[in-house]
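J.: My structure is stored as coords-v1.txt, with compact mmCIF, C-alpha atoms and all ligand atoms.
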# COMPACT_ATOMS: atom_id res chain seq x y z
CA MET Y 9 65.70 -0.57 25.40
CA GLN Y 10 64.10 -3.67 26.90
CA LEU Y 11 65.68 -5.97 29.46
CA TYR Y 12 64.39 -9.53 29.53
CA THR Y 13 64.61 -10.63 33.11
CA ALA Y 14 63.24 -13.23 35.53
CA PRO Y 15 62.14 -12.61 39.10
CA ARG Y 16 64.45 -14.23 41.70
CA ALA Y 17 67.07 -15.30 39.13
CA PRO Y 18 70.54 -14.02 40.11
CA ASN Y 19 71.96 -13.02 36.73
CA PRO Y 20 69.13 -10.67 35.70
CA ARG Y 21 69.30 -9.23 39.21
CA ARG Y 22 72.97 -8.36 38.63
CA VAL Y 23 71.89 -6.14 35.73
CA THR Y 24 68.95 -4.49 37.51
CA MET Y 25 71.15 -3.76 40.53
CA PHE Y 26 73.88 -2.39 38.25
CA MET Y 27 71.32 -0.11 36.59
CA ALA Y 28 69.99 1.04 39.97
CA GLU Y 29 73.50 1.92 41.19
CA LYS Y 30 73.95 4.04 38.07
CA GLY Y 31 70.50 5.58 38.29
CA ILE Y 32 69.61 4.29 34.81
CA SER Y 33 65.90 4.59 34.06
CA GLY Y 34 63.91 4.15 30.89
CA VAL Y 35 64.82 0.50 30.31
CA THR Y 36 61.62 -1.53 30.13
CA LEU Y 37 61.76 -4.76 32.17
CA VAL Y 38 60.13 -7.73 30.43
CA PRO Y 39 59.66 -10.68 32.80
CA ILE Y 40 60.24 -14.16 31.39
CA ASP Y 41 58.71 -17.09 33.29
CA LEU Y 42 61.52 -19.65 33.59
CA ASN Y 43 59.37 -22.17 35.46
CA ALA Y 44 56.89 -22.12 32.59
CA GLN Y 45 59.84 -22.61 30.19
CA GLU Y 46 58.98 -19.38 28.41
CA HIS Y 47 62.68 -18.88 27.68
CA LYS Y 48 62.81 -22.13 25.69
CA ALA Y 49 60.03 -21.06 23.32
CA ALA Y 50 60.99 -20.17 19.76
CA ALA Y 51 59.96 -16.54 20.22
CA PHE Y 52 62.47 -15.99 23.02
CA ARG Y 53 65.19 -18.16 21.48
CA ALA Y 54 65.04 -15.89 18.45
CA LYS Y 55 66.22 -13.15 20.80
CA SER Y 56 68.49 -15.18 23.09
CA PRO Y 57 69.65 -18.29 21.22
CA LEU Y 58 71.02 -20.08 24.30
CA ALA Y 59 67.69 -19.46 26.08
CA THR Y 60 69.11 -17.43 28.97
CA VAL Y 61 68.22 -14.24 30.76
CA PRO Y 62 69.22 -11.48 31.11
CA ALA Y 63 69.02 -10.27 27.52
CA LEU Y 64 69.05 -6.62 26.50
CA GLU Y 65 67.23 -5.56 23.34
CA LEU Y 66 68.70 -2.35 21.97
CA ASP Y 67 66.55 0.30 20.33
CA ASP Y 68 67.86 -0.76 16.90
CA GLY Y 69 66.69 -4.36 17.56
CA ARG Y 70 70.10 -5.90 18.26
CA MET Y 71 70.27 -8.30 21.20
CA LEU Y 72 72.96 -8.41 23.85
CA THR Y 73 73.16 -11.35 26.23
CA GLU Y 74 75.67 -12.32 28.96
CA THR Y 75 75.48 -10.27 32.14
CA ARG Y 76 78.99 -8.81 31.99
CA ALA Y 77 78.57 -7.82 28.33
CA ILE Y 78 75.30 -6.06 29.12
CA CYS Y 79 76.97 -4.24 32.01
CA THR Y 80 79.88 -3.21 29.79
CA TYR Y 81 77.40 -1.72 27.32
CA LEU Y 82 75.49 0.12 30.05
CA GLU Y 83 78.72 1.40 31.60
CA GLY Y 84 79.66 2.85 28.20
CA LEU Y 85 76.30 4.59 27.87
CA HIS Y 86 76.31 5.78 31.49
CA PRO Y 87 79.92 6.10 32.63
CA GLU Y 88 79.13 7.51 36.07
CA PRO Y 89 79.30 6.30 38.72
CA ASN Y 90 82.06 4.06 37.42
CA LEU Y 91 81.60 0.40 38.39
CA MET Y 92 83.99 -1.41 36.05
CA GLY Y 93 87.25 0.55 36.25
CA GLN Y 94 88.55 3.92 35.07
CA ASP Y 95 91.72 2.86 33.26
CA PHE Y 96 93.10 -0.41 31.92
CA GLU Y 97 94.80 -1.37 35.16
CA GLU Y 98 91.77 -0.80 37.33
CA ARG Y 99 89.54 -2.51 34.76
CA ALA Y 100 91.76 -5.59 34.84
CA PHE Y 101 91.76 -5.86 38.62
CA ILE Y 102 88.01 -5.31 38.88
CA GLU Y 103 87.45 -7.90 36.16
CA MET Y 104 89.61 -10.36 38.07
CA ALA Y 105 87.53 -9.85 41.22
CA ASP Y 106 84.26 -10.04 39.30
CA ARG Y 107 85.19 -13.23 37.47
CA ARG Y 108 86.37 -14.84 40.69
CA VAL Y 109 83.03 -14.30 42.37
CA GLU Y 110 81.11 -15.11 39.19
CA TRP Y 111 82.82 -18.44 38.59
CA TYR Y 112 83.79 -19.64 42.05
CA LEU Y 113 80.89 -18.25 44.07
CA LEU Y 114 77.83 -17.64 41.87
CA ALA Y 115 78.37 -20.56 39.49
CA ARG Y 116 78.96 -23.00 42.35
CA ILE Y 117 75.87 -21.74 44.17
CA GLY Y 118 73.92 -22.15 40.95
CA HIS Y 119 75.19 -25.70 40.46
CA CYS Y 120 74.46 -26.61 44.09
CA ILE Y 121 70.89 -25.30 43.95
CA ARG Y 122 70.12 -26.62 40.48
CA HIS Y 123 71.28 -30.13 41.35
CA THR Y 124 69.85 -30.41 44.89
CA HIS Y 125 66.69 -28.29 45.07
CA PRO Y 126 63.44 -29.94 43.93
CA GLY Y 127 62.14 -26.56 42.75
CA LEU Y 128 64.93 -26.39 40.16
CA ALA Y 129 64.20 -29.81 38.66
CA VAL Y 130 62.13 -28.10 36.01
CA LEU Y 131 65.28 -26.35 34.74
CA GLU Y 132 67.97 -28.94 35.45
CA GLN Y 133 67.55 -32.46 34.10
CA PRO Y 134 69.01 -34.77 35.12
CA GLN Y 135 69.84 -33.53 38.62
CA PHE Y 136 72.99 -34.96 40.21
CA PRO Y 137 72.58 -34.36 43.97
CA GLN Y 138 76.11 -35.53 44.85
CA TYR Y 139 77.60 -33.06 42.39
CA GLY Y 140 75.35 -30.34 43.81
CA GLU Y 141 76.49 -31.10 47.37
CA SER Y 142 80.12 -31.04 46.27
CA GLU Y 143 79.58 -27.65 44.63
CA GLY Y 144 77.98 -26.44 47.89
CA ARG Y 145 81.19 -27.37 49.75
CA LYS Y 146 83.39 -25.69 47.14
CA MET Y 147 81.24 -22.57 47.24
CA ARG Y 148 81.96 -22.36 50.97
CA GLU Y 149 85.72 -22.48 50.26
CA THR Y 150 85.26 -19.41 48.05
CA ALA Y 151 83.08 -17.75 50.67
CA ARG Y 152 85.80 -18.28 53.30
CA TRP Y 153 88.37 -16.70 50.98
CA LEU Y 154 85.99 -13.78 50.45
CA ASP Y 155 85.46 -13.46 54.20
CA ALA Y 156 89.23 -13.14 54.67
CA THR Y 157 89.43 -10.64 51.79
CA LEU Y 158 86.70 -8.50 53.32
CA ALA Y 159 88.52 -8.50 56.64
CA GLN Y 160 91.21 -6.46 54.83
CA GLN Y 161 89.18 -4.21 52.53
CA PRO Y 162 85.65 -2.76 52.49
CA PHE Y 163 84.59 -4.03 49.04
CA VAL Y 164 85.17 -7.15 46.97
CA ALA Y 165 87.63 -5.52 44.55
CA GLY Y 166 89.18 -3.08 47.02
CA ALA Y 167 88.33 0.36 48.33
CA ARG Y 168 85.16 1.14 46.42
CA LEU Y 169 81.92 -0.43 45.22
CA THR Y 170 82.24 -2.17 41.84
CA ILE Y 171 80.46 -4.69 39.66
CA ALA Y 172 82.19 -7.43 41.70
CA ASP Y 173 80.17 -6.44 44.78
CA ILE Y 174 76.98 -6.68 42.75
CA THR Y 175 77.86 -10.15 41.45
CA ALA Y 176 78.82 -11.42 44.90
CA PHE Y 177 75.75 -9.91 46.56
CA CYS Y 178 73.32 -11.40 44.03
CA ALA Y 179 75.06 -14.76 44.43
CA LEU Y 180 74.77 -14.69 48.22
CA GLU Y 181 71.13 -13.62 48.09
CA PHE Y 182 70.38 -16.59 45.85
CA ALA Y 183 72.17 -18.87 48.34
CA ARG Y 184 70.40 -17.26 51.30
CA GLY Y 185 67.01 -18.03 49.81
CA LEU Y 186 67.54 -21.50 48.35
CA MET Y 187 70.52 -22.93 50.30
CA LYS Y 188 69.69 -21.16 53.59
CA PHE Y 189 73.34 -20.05 53.54
CA GLN Y 190 74.16 -17.37 56.10
CA PRO Y 191 77.85 -16.48 56.33
CA GLY Y 192 77.57 -15.27 59.93
CA ALA Y 193 76.18 -18.61 61.05
CA GLU Y 194 79.19 -20.36 59.47
CA ASP Y 195 81.86 -18.23 61.13
CA MET Y 196 82.33 -15.74 58.29
CA PRO Y 197 81.60 -12.46 60.10
CA HIS Y 198 83.27 -10.14 57.59
CA LEU Y 199 81.29 -11.57 54.69
CA GLN Y 200 78.09 -11.27 56.73
CA ALA Y 201 78.83 -7.64 57.68
CA TRP Y 202 79.57 -6.76 54.04
CA ARG Y 203 76.37 -8.54 52.91
CA ASP Y 204 74.33 -6.62 55.49
CA ARG Y 205 75.85 -3.30 54.35
CA MET Y 206 75.06 -4.16 50.72
CA ALA Y 207 71.48 -5.11 51.63
CA GLU Y 208 70.93 -1.56 52.92
CA ARG Y 209 71.65 -0.02 49.52
CA PRO Y 210 68.50 1.00 47.60
CA SER Y 211 69.84 -0.97 44.61
CA ALA Y 212 69.46 -4.19 46.60
CA ARG Y 213 65.71 -3.85 46.17
CA ALA Y 214 65.89 -3.30 42.38
CA PHE Y 215 64.60 -6.49 40.80
N1 LIG O 301 76.51 -16.62 31.51
C1 LIG O 301 75.16 -16.09 31.54
C2 LIG O 301 74.32 -16.96 32.46
C3 LIG O 301 72.85 -16.65 32.30
C4 LIG O 301 71.98 -17.66 33.03
O1 LIG O 301 72.36 -18.82 33.25
N2 LIG O 301 70.78 -17.22 33.39
C5 LIG O 301 69.85 -18.10 34.05
C6 LIG O 301 69.01 -17.30 35.04
S1 LIG O 301 70.00 -16.70 36.37
C7 LIG O 301 68.94 -18.71 33.00
O2 LIG O 301 68.55 -18.03 32.06
N3 LIG O 301 68.59 -19.97 33.15
C8 LIG O 301 67.70 -20.64 32.25
C9 LIG O 301 67.85 -22.12 32.30
O3 LIG O 301 68.60 -22.63 33.10
O4 LIG O 301 67.17 -22.81 31.53
C10 LIG O 301 75.16 -14.62 31.95
O5 LIG O 301 76.18 -14.16 32.49
O6 LIG O 301 74.19 -13.91 31.73
Please express the file's structure as structure tokens.
Ligand SMILES: N[C@@H](CCC(=O)N[C@@H](CS)C(=O)NCC(=O)O)C(=O)O
T.:
Amino acid sequence: MQLYTAPRAPNPRRVTMFMAEKGISGVTLVPIDLNAQEHKAAAFRAKSPLATVPALELDDGRMLTETRAICTYLEGLHPEPNLMGQDFEERAFIEMADRRVEWYLLARIGHCIRHTHPGLAVLEQPQFPQYGESEGRKMRETARWLDATLAQQPFVAGARLTIADITAFCALEFARGLMKFQPGAEDMPHLQAWRDRMAERPSARAF
């Protein structure tokens, strides 16, 4: 299998971190240069029609895009350690946590950066800085909720590491680099402590 990825982009990083937590090897990483618009070229669009990474090419040539779908596939191939839930109830609660951080943390961080950072102008046209700033404020509302959640439990979805931790960590790392967002500096000590624990995992360096 081949995973089309992009250095520093948060969604491909979610997949590489997921694979590292599971100890999956043998997937070839194929870097796509987003700044050079390589993902918009016909050759890549033939594989990923909406021109996004990550995209997983299966050995039979089929393409799978969308981070959660790729993770679902990999979880099926490599069930242990379980990251998406053992039974229907646990799967539902982990999916709730994952979608919360995907939509209300990662997406807002993405919108903020894409609409305010000059380096992202190549990917986001037109940029609407006011919208980006508003998304930056809303992202902090989610981060404060997550800080309170992590005051009560060790991981984003509860007692153990799941895909939701991976999504939230990759989101915060993107914000740390391009928004200079540090939870501890904004009175979110539980989120900072969780982030620092996550950063110590070997999987945090898998991208
Ligand atoms: N919903 C998609 C989002 C994928 C996505 O937006 N990927 C970004 C990189 S993190 C991308 O390919 N951006 C290309 C662009 O904006 O032109 C997923 O979950 O995989």
J.: Quick one: residues within 10 Å of ligand LIG 301 (chain O), with all atoms listed in the file, as a PDB file with C-alpha atoms, in the coordinates of the input?
T.:
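result18.pdb written:
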ATOM      1  CA  TYR Y  12      64.390  -9.530  29.530  1.00  0.00           C
ATOM      2  CA  THR Y  13      64.610 -10.630  33.110  1.00  0.00           C
ATOM      3  CA  ALA Y  14      63.240 -13.230  35.530  1.00  0.00           C
ATOM      4  CA  PRO Y  15      62.140 -12.610  39.100  1.00  0.00           C
ATOM      5  CA  ARG Y  16      64.450 -14.230  41.700  1.00  0.00           C
ATOM      6  CA  ALA Y  17      67.070 -15.300  39.130  1.00  0.00           C
ATOM      7  CA  PRO Y  18      70.540 -14.020  40.110  1.00  0.00           C
ATOM      8  CA  ASN Y  19      71.960 -13.020  36.730  1.00  0.00           C
ATOM      9  CA  PRO Y  20      69.130 -10.670  35.700  1.00  0.00           C
ATOM     10  CA  ARG Y  21      69.300  -9.230  39.210  1.00  0.00           C
ATOM     11  CA  ARG Y  22      72.970  -8.360  38.630  1.00  0.00           C
ATOM     12  CA  VAL Y  23      71.890  -6.140  35.730  1.00  0.00           C
ATOM     13  CA  ILE Y  40      60.240 -14.160  31.390  1.00  0.00           C
ATOM     14  CA  ASP Y  41      58.710 -17.090  33.290  1.00  0.00           C
ATOM     15  CA  LEU Y  42      61.520 -19.650  33.590  1.00  0.00           C
ATOM     16  CA  ASN Y  43      59.370 -22.170  35.460  1.00  0.00           C
ATOM     17  CA  GLN Y  45      59.840 -22.610  30.190  1.00  0.00           C
ATOM     18  CA  GLU Y  46      58.980 -19.380  28.410  1.00  0.00           C
ATOM     19  CA  HIS Y  47      62.680 -18.880  27.680  1.00  0.00           C
ATOM     20  CA  LYS Y  48      62.810 -22.130  25.690  1.00  0.00           C
ATOM     21  CA  SER Y  56      68.490 -15.180  23.090  1.00  0.00           C
ATOM     22  CA  LEU Y  58      71.020 -20.080  24.300  1.00  0.00           C
ATOM     23  CA  ALA Y  59      67.690 -19.460  26.080  1.00  0.00           C
ATOM     24  CA  THR Y  60      69.110 -17.430  28.970  1.00  0.00           C
ATOM     25  CA  VAL Y  61      68.220 -14.240  30.760  1.00  0.00           C
ATOM     26  CA  PRO Y  62      69.220 -11.480  31.110  1.00  0.00           C
ATOM     27  CA  ALA Y  63      69.020 -10.270  27.520  1.00  0.00           C
ATOM     28  CA  LEU Y  72      72.960  -8.410  23.850  1.00  0.00           C
ATOM     29  CA  THR Y  73      73.160 -11.350  26.230  1.00  0.00           C
ATOM     30  CA  GLU Y  74      75.670 -12.320  28.960  1.00  0.00           C
ATOM     31  CA  THR Y  75      75.480 -10.270  32.140  1.00  0.00           C
ATOM     32  CA  ARG Y  76      78.990  -8.810  31.990  1.00  0.00           C
ATOM     33  CA  ALA Y  77      78.570  -7.820  28.330  1.00  0.00           C
ATOM     34  CA  ILE Y  78      75.300  -6.060  29.120  1.00  0.00           C
ATOM     35  CA  CYS Y  79      76.970  -4.240  32.010  1.00  0.00           C
ATOM     36  CA  GLU Y 110      81.110 -15.110  39.190  1.00  0.00           C
ATOM     37  CA  TRP Y 111      82.820 -18.440  38.590  1.00  0.00           C
ATOM     38  CA  LEU Y 114      77.830 -17.640  41.870  1.00  0.00           C
ATOM     39  CA  ALA Y 115      78.370 -20.560  39.490  1.00  0.00           C
ATOM     40  CA  GLY Y 118      73.920 -22.150  40.950  1.00  0.00           C
ATOM     41  CA  ARG Y 122      70.120 -26.620  40.480  1.00  0.00           C
ATOM     42  CA  LEU Y 128      64.930 -26.390  40.160  1.00  0.00           C
ATOM     43  CA  VAL Y 130      62.130 -28.100  36.010  1.00  0.00           C
ATOM     44  CA  LEU Y 131      65.280 -26.350  34.740  1.00  0.00           C
ATOM     45  CA  GLU Y 132      67.970 -28.940  35.450  1.00  0.00           C
ATOM     46  CA  GLN Y 133      67.550 -32.460  34.100  1.00  0.00           C
ATOM     47  CA  THR Y 175      77.860 -10.150  41.450  1.00  0.00           C
ATOM     48  CA  CYS Y 178      73.320 -11.400  44.030  1.00  0.00           C
ATOM     49  CA  ALA Y 179      75.060 -14.760  44.430  1.00  0.00           C
ATOM     50  CA  PHE Y 182      70.380 -16.590  45.850  1.00  0.00           C
TER      51      PHE Y 182
END
J.: Please, what distance in Å, to one decimal, runs between CA of Met196 (chain Y) and CA of Ala212 (chain Y)?
T.: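 These atoms are spaced 20.9 Å apart.
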J.: Would you mind listing what lies within 12 Å of Ala176 (chain Y) as a ChimeraX atom specification, with only C-alpha atoms counted and same-chain residues fewer than 3 positions away left out?
T.: /Y:18-19,21-22,25,105-117,147,150-151,154-155,158,163-165,169-173,179-183,199-200,202-203,206-207,212
J.: My list of candidates is Y:Thr24, Y:His198, Y:Ala100, Y:Leu85. Which is closest to Gln161 (chain Y) when distances are computed with all atoms listed in the file?
T.: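 Under the stated criterion, the closest residue is Y:His198.
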J.: With distances taken over all atoms listed in the file, which residue among Y:Gly93, Y:Gly166, Y:Pro210, Y:Pro126 lies nearest Leu186 (chain Y)?
T.: Y:Pro126
J.: For CA of Ala159 (chain Y) and CA of Ala201 (chain Y), quote the distance in Å rounded to one decimal.
T.: 9.8 Å
J.: One decimal, in Å: what's the spacing between CA of Leu82 (chain Y) and CA of Ala214 (chain Y)?
T.: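 The value is 16.0 Å.
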J.: Please list as a CSV table (one decimal) with C-alpha atoms, in the frame of the given file every residue within 7 Å of Leu66 (chain Y), counting all atoms listed in the file and excluding residues in the same chain fewer than 5 positions away.
T.:
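Output (part-v9.csv):
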chain,number,residue,atom,x,y,z
Y,9,MET,CA,65.7,-0.6,25.4
Y,10,GLN,CA,64.1,-3.7,26.9
Y,71,MET,CA,70.3,-8.3,21.2
J.: With distances taken over all atoms listed in the file, which of Y:Phe52, Y:Arg205, Y:Glu88, Y:Leu64 is nearest to Pro162 (chain Y)?
T.: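 Looking at the shortest contact to Pro162 (chain Y), the residue is Y:Arg205.
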J.: Pull the neighbourhood of (59.3, -6.2, 35.5) for me: all residues within 8 Å in file coordinates, counting only C-alpha atoms, as a PDB file with C-alpha atoms, in the frame of the given file.
T.:
ATOM      1  CA  THR Y  13      64.610 -10.630  33.110  1.00  0.00           C
ATOM      2  CA  PRO Y  15      62.140 -12.610  39.100  1.00  0.00           C
ATOM      3  CA  THR Y  36      61.620  -1.530  30.130  1.00  0.00           C
ATOM      4  CA  LEU Y  37      61.760  -4.760  32.170  1.00  0.00           C
ATOM      5  CA  VAL Y  38      60.130  -7.730  30.430  1.00  0.00           C
ATOM      6  CA  PRO Y  39      59.660 -10.680  32.800  1.00  0.00           C
ATOM      7  CA  PHE Y 215      64.600  -6.490  40.800  1.00  0.00           C
TER       8      PHE Y 215
END
J.: Give the padded box for region 167-170 of chain Y as AutoDock Vina command-line options: axis-aligned, covering all atoms listed in the file, 5 Å on each side, centre and edge lengths in Å to one decimal.
T.:
--center_x 85.1 --center_y -0.5 --center_z 45.1 --size_x 16.4 --size_y 13.3 --size_z 16.5
J.: From the options Y:Asp68, Y:Ala49, Y:Asp204, Y:Pro89, which residue's atoms come nearest to Gly31 (chain Y), counting all atoms listed in the file?
T.: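 Among the listed residues, Y:Pro89 lies closest to Gly31 (chain Y).
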